[in-house]
Every structure is written in structure tokens, then in C-alpha cells.
Amino acid sequence: MVATARPTEASDGQDIRVGRAMDSDADLVHSVEAWLSHADDLDLLPAALELDRIREQLAPSGPFDRLRSARLHLLTGNLAAAEQSLALAPDSPGPARLIHAGAAAARGDDQAYRWLQHALAESTDEGSAPIEAYQMTAVAAEHRSDFRLADALWCELTLDQGIWTPLTTARTVAAVISRRAGSSVRDQARLFAESAETLEQGLVPLVSDPQPALNAAHLLIRRGDPAGAALLLQAVDHRYGPDDKIVQVQRLHRELLLKNGTDRRLSWAIGLRRLSTWRYNYVLHIVMAAAIAFAAGVFLAALYTNSQLDPAGDFQGSAGGLGSVWFVAVLGLPILAGRGAASYMRRFPQSLKTRPGPIRRAPEPFCSCLTSTLIQGAQAGPYAREHLLRSPFEREDPKLNPLRGRTFRCPDTQVPWLAIPDAHSPAILLRGAAPGLTIEPDQGPTGLYL
């Protein structure tokens, strides 16, 4: 069955196609559960907590649901909410025991903290440790201000195992920045610039969701390093032009500067590194254009002066102006040519990989609703606009308000999708459960790490 689409007027002037509404309770519960599972796997904690609250209102919570809620609250630092969820959750061997021990250790239980460390060491000896062992030990260490152990575990997940999620990236950035003491100003400026680039290359662009950068800054503040937090936010802010500034980043940066000040030498060094980013090309071109314009002005002034002094039109008086033009041209044109060649050579290998064949462009995006659980980045917006249909809620239910306007449906397979952060500029699309399909419940938290 193919849904009939009708265009509606969007707030940005674009036509958004609308398909069948999500009017079935079972359809909605299964989709919310699927969205929650994907958001949890990707460590999209704000979205996962929001979906977890909606799922709890739509259907009774089971033992696994309470354990997942407790783990999400622990990862976001809400120990009270985690303990409330664990009050009705089983304490059985496996991930459940790790989550219970993590909450107890974060509360100050020394025996639970030692047990967590022993469990992690024992499981790594056997070849592979469950992600809950890393997460709960690191979270407990953070609550107990044992940052050396916490940093080691988060860096193990990212730098050694290659697990870069919004959660692990923010923790790793904070860990690396907090150990910058003893480095030169130049090395520290490079470290902050690289940290900002690492945050920007995450799962969701910082323009769409700046929470990883804000989380890293708050972690540094908690460690007693507000200057490092301010410099990190400055480096993040410098990656964007005037039209793309992130309001939350700028606001927190100003608050930290007013309250704590900053290291002016390092702040200037980070500011100067802006010239080594994308702005460097524009600055170089502007400088060279200004130099050539100045030389041309000198040349024209010399011609005019010569014509006034020598009505016969003797050109020798303008030799100085002509020499300056040749000097700038000989010096500047090779630089501009070299910059252009370097830029082309950086793009050339990629252009070979992406060069189209006889079929230049598909008439519309191919349907990948049955083969992809996640669509992200630059592909998310076009896929939602050109292939998916809006799937609104026909019933007026306040508990569905956080999802309202963000749900889509495939016109061919009827698979529902959720846009994050919103429908008009989605950075991520999460797949839900298709109607009529039986979804096997997860046996326990696994996550992207496995």
C-alpha cells in the first residue's frame, strides 16, 4: 500500500508532503521503543531521556526499561533519578548488577567502587568487557572526583577502541584539555583548536546540537578549570562565521569571562589560529588583491604624473610604477596559483572516488528505509524532504507534544522516522518500527560499542 501524499505549506515556504497519521497505539509504542533504542545506542542522551519519558507514559515499564532509565540518568549525572528507577529494578548478575553497583559507588559506597574495578579488570582479562563496566566505573569515578581513572576509561573507549559518540567525545576532550599544564602557549592553542575540531566532527554538527561542547566545558568547570572551559568555547566559536554563531556557546563563554577572566596570551594565540582555518584562504586572497590594487594605483598615478610633466607622452617617468606592478605580480601570482593547486590536489583524490557514471543522478532518493536505521549529516534533510512523508498525530495528547512535527513515514514501506533535532533542519533521522512487524525486545543494554 502506498500512502497518498498531499502538500502542505511549511513555515519556510517549502512544500512538505503529508502521509498517513500515526494513529495506532501499538504503532506508536513500537516506534517510540525503536527510536529510544537507536538513540541509546548512539549516546544521544537528551533525545533518549525524552523518548524514555514518553515511553513510560505510553506503556508500563518493565525491568529492563527501569535499568535503561537508571543508566541514562547516571550518564547525565542525575543520581537521584537513577536511584528512583533502580528501586524497582532487579539486581541480577550481568549489566543489572553493574548499574546497581555504579549508582552505589557514585553515592560513596567504597565496597561497590572496588567491586566495579575488579569486575572491569576481570572482564578485560577474559577478552571483552561489557560497555556497562566501562560506563559505570567511569561515572562512579567522576562522582568521586577520581578523574585519573575516569579519564583513562573514556580515552580507552575513544582513542584505543575508536568509539566516538557525543558522550565519549565530550569526556575525552575534557580529559585531554585538563592535562595541558606544562605545554607551551603554541601547543596549548593547537590543542584547543584540535579539540574544537573533534567536537565539530561528531555525530551531530554543533550548530544543530552544541551539547557536546557545553558538556565538555561543564566538565572542565567541575574540575576547577573554568579558564580551560572558556578557551575551549572560544575555539569552538572561532570555527563559525558571523551568520552561524552558536548562541549557547557564546552565552556560556561570556559568563565564564565575566566571572573568571582568561589567559590573554593563550586567548590571543587561539585567535591567531583562526588564520590557519578556512578564513586563512580569504585573508590571503584579500591581502594579495589589496597589494595588486595598490600597485595598480601607483602605476596609474605615475602615468598621470608623467602625462602632466611630459606632454609628448614619454613613458619613462612611469617606470617605477610599472616596476612595482611587476614586483607584486611576480610575487603574488605564484602564491595564489600555489594555493589554488594545493586546494585542488586535496579534493582530487576524493573527486575520483565520487565521479558519477553514466547515471548522473537518481530522479529521487532511493528508499533505504528497510536497510538503514540511521540517516545523518547532509543526507538527512534531502531524504526527509524528497522521499519521506510527514506523519502527524491525529489525536491531541499532551504527552506526545515533544514528538509533534518531527515524525515522518516512508510512502512505500510505511516505516516511521523521527527527526533530530527538528523536521525542518534534521541532523539525524532515526528509524522506528514498521506497522505489522513483530519487534523482538532487547535482552539488555548493548549499545553502539559492541
# chains A, B, ... in the order shown; residues from 1 in each chain; ligands from 1
$ select_by_dssp --residues "segment 116-215 of chain A" --states "helix (DSSP H, G or I)" --output "CSV table (one decimal) with C-alpha atoms, in the first residue's frame"
chain,number,residue,atom,x,y,z
A,116,LEU,CA,33.3,-2.3,39.9
A,117,GLN,CA,37.1,-2.0,39.3
A,118,HIS,CA,37.5,-5.7,39.9
A,119,ALA,CA,34.7,-6.6,37.5
A,120,LEU,CA,36.1,-4.4,34.8
A,121,ALA,CA,39.6,-5.9,35.2
A,122,GLU,CA,38.3,-9.4,35.3
A,123,SER,CA,36.1,-9.0,32.1
A,124,THR,CA,39.0,-7.4,30.2
A,125,ASP,CA,41.2,-10.4,31.1
A,131,ILE,CA,30.1,-1.4,27.9
A,132,GLU,CA,28.3,-1.0,31.2
A,133,ALA,CA,31.5,-1.9,33.0
A,134,TYR,CA,33.3,1.0,31.4
A,135,GLN,CA,30.5,3.4,31.7
A,136,MET,CA,29.5,2.7,35.3
A,137,THR,CA,33.1,2.6,36.6
A,138,ALA,CA,33.9,5.9,34.8
A,139,VAL,CA,30.7,7.6,36.0
A,140,ALA,CA,31.3,6.5,39.6
A,141,ALA,CA,34.9,7.7,39.4
A,142,GLU,CA,33.6,11.1,38.2
A,143,HIS,CA,31.2,11.4,41.1
A,147,PHE,CA,39.4,11.9,37.4
A,148,ARG,CA,42.5,10.0,36.6
A,149,LEU,CA,40.6,6.7,36.4
A,150,ALA,CA,37.6,8.2,34.7
A,151,ASP,CA,39.8,9.9,32.0
A,152,ALA,CA,41.7,6.6,31.4
A,153,LEU,CA,38.5,4.7,30.8
A,154,TRP,CA,36.9,7.3,28.5
A,155,CYS,CA,40.1,7.7,26.5
A,156,GLU,CA,40.3,3.9,26.3
A,157,LEU,CA,36.9,3.9,24.6
A,158,THR,CA,37.7,6.7,22.1
A,159,LEU,CA,41.5,6.7,21.4
A,160,ASP,CA,42.1,2.9,21.6
A,166,PRO,CA,28.6,12.6,21.9
A,167,LEU,CA,29.1,11.2,25.4
A,168,THR,CA,32.6,9.8,24.9
A,169,THR,CA,33.8,12.7,22.8
A,170,ALA,CA,33.0,15.3,25.4
A,171,ARG,CA,34.6,13.3,28.2
A,172,THR,CA,37.8,12.7,26.1
A,173,VAL,CA,38.1,16.4,25.2
A,174,ALA,CA,37.8,17.4,28.8
A,175,ALA,CA,40.3,14.8,29.9
A,176,VAL,CA,42.9,15.9,27.3
A,177,ILE,CA,42.5,19.6,28.0
A,185,VAL,CA,51.3,28.5,24.5
A,186,ARG,CA,51.6,27.4,20.9
A,187,ASP,CA,51.0,23.8,21.8
A,188,GLN,CA,48.0,24.6,24.0
A,189,ALA,CA,46.5,26.8,21.3
A,190,ARG,CA,46.8,23.9,18.9
A,191,LEU,CA,45.3,21.5,21.5
A,192,PHE,CA,42.2,23.7,21.9
A,193,ALA,CA,41.8,24.1,18.1
A,194,GLU,CA,42.0,20.3,17.6
A,195,SER,CA,39.6,19.7,20.5
A,196,ALA,CA,37.1,22.1,18.8
A,197,GLU,CA,37.5,20.3,15.5
A,198,THR,CA,37.0,16.9,17.3
A,199,LEU,CA,33.7,18.1,18.8
A,200,GLU,CA,32.6,19.5,15.4
A,211,GLN,CA,25.5,20.0,23.8
A,212,PRO,CA,28.8,18.0,23.5
A,213,ALA,CA,30.8,21.3,23.6
A,214,LEU,CA,28.8,22.6,26.5
A,215,ASN,CA,29.1,19.2,28.3
$ residues_around --residues "Arg431 of chain A" --least-positions-apart "3" --cutoff "8 Å" --atoms "only C-alpha atoms" --output "ChimeraX atom specification"
/A:31,34-35,38,369,372-374,415-418
$ atom_distance --atom1 "atom CA of Ala82 of chain A" --atom2 "atom CA of Leu45 of chain A"
13.9 Å
$ closest_residue --among "A:Asp237, A:Asp225, A:Asp397, A:Asp65" --to "Pro90 of chain A" --atoms "only C-alpha atoms"
A:Asp65
$ closest_residue --among "A:Leu67, A:Ala235, A:Ala378, A:Leu370" --to "Gly432 of chain A" --atoms "only C-alpha atoms"
A:Leu370
$ atom_distance --atom1 "atom CA of Ala81 of chain A" --atom2 "atom CA of Ala48 of chain A"
14.7 Å
$ closest_residue --among "A:Leu98, A:Gln201, A:Ser69, A:Pro226" --to "Glu50 of chain A" --atoms "only C-alpha atoms"
A:Ser69
$ closest_residue --among "A:Leu88, A:Val207, A:Leu219, A:Leu74" --to "Ser145 of chain A" --atoms "only C-alpha atoms"
A:Leu219
$ atom_distance --atom1 "atom CA of Ala103 of chain A" --atom2 "atom CA of Gly202 of chain A"
28.2 Å
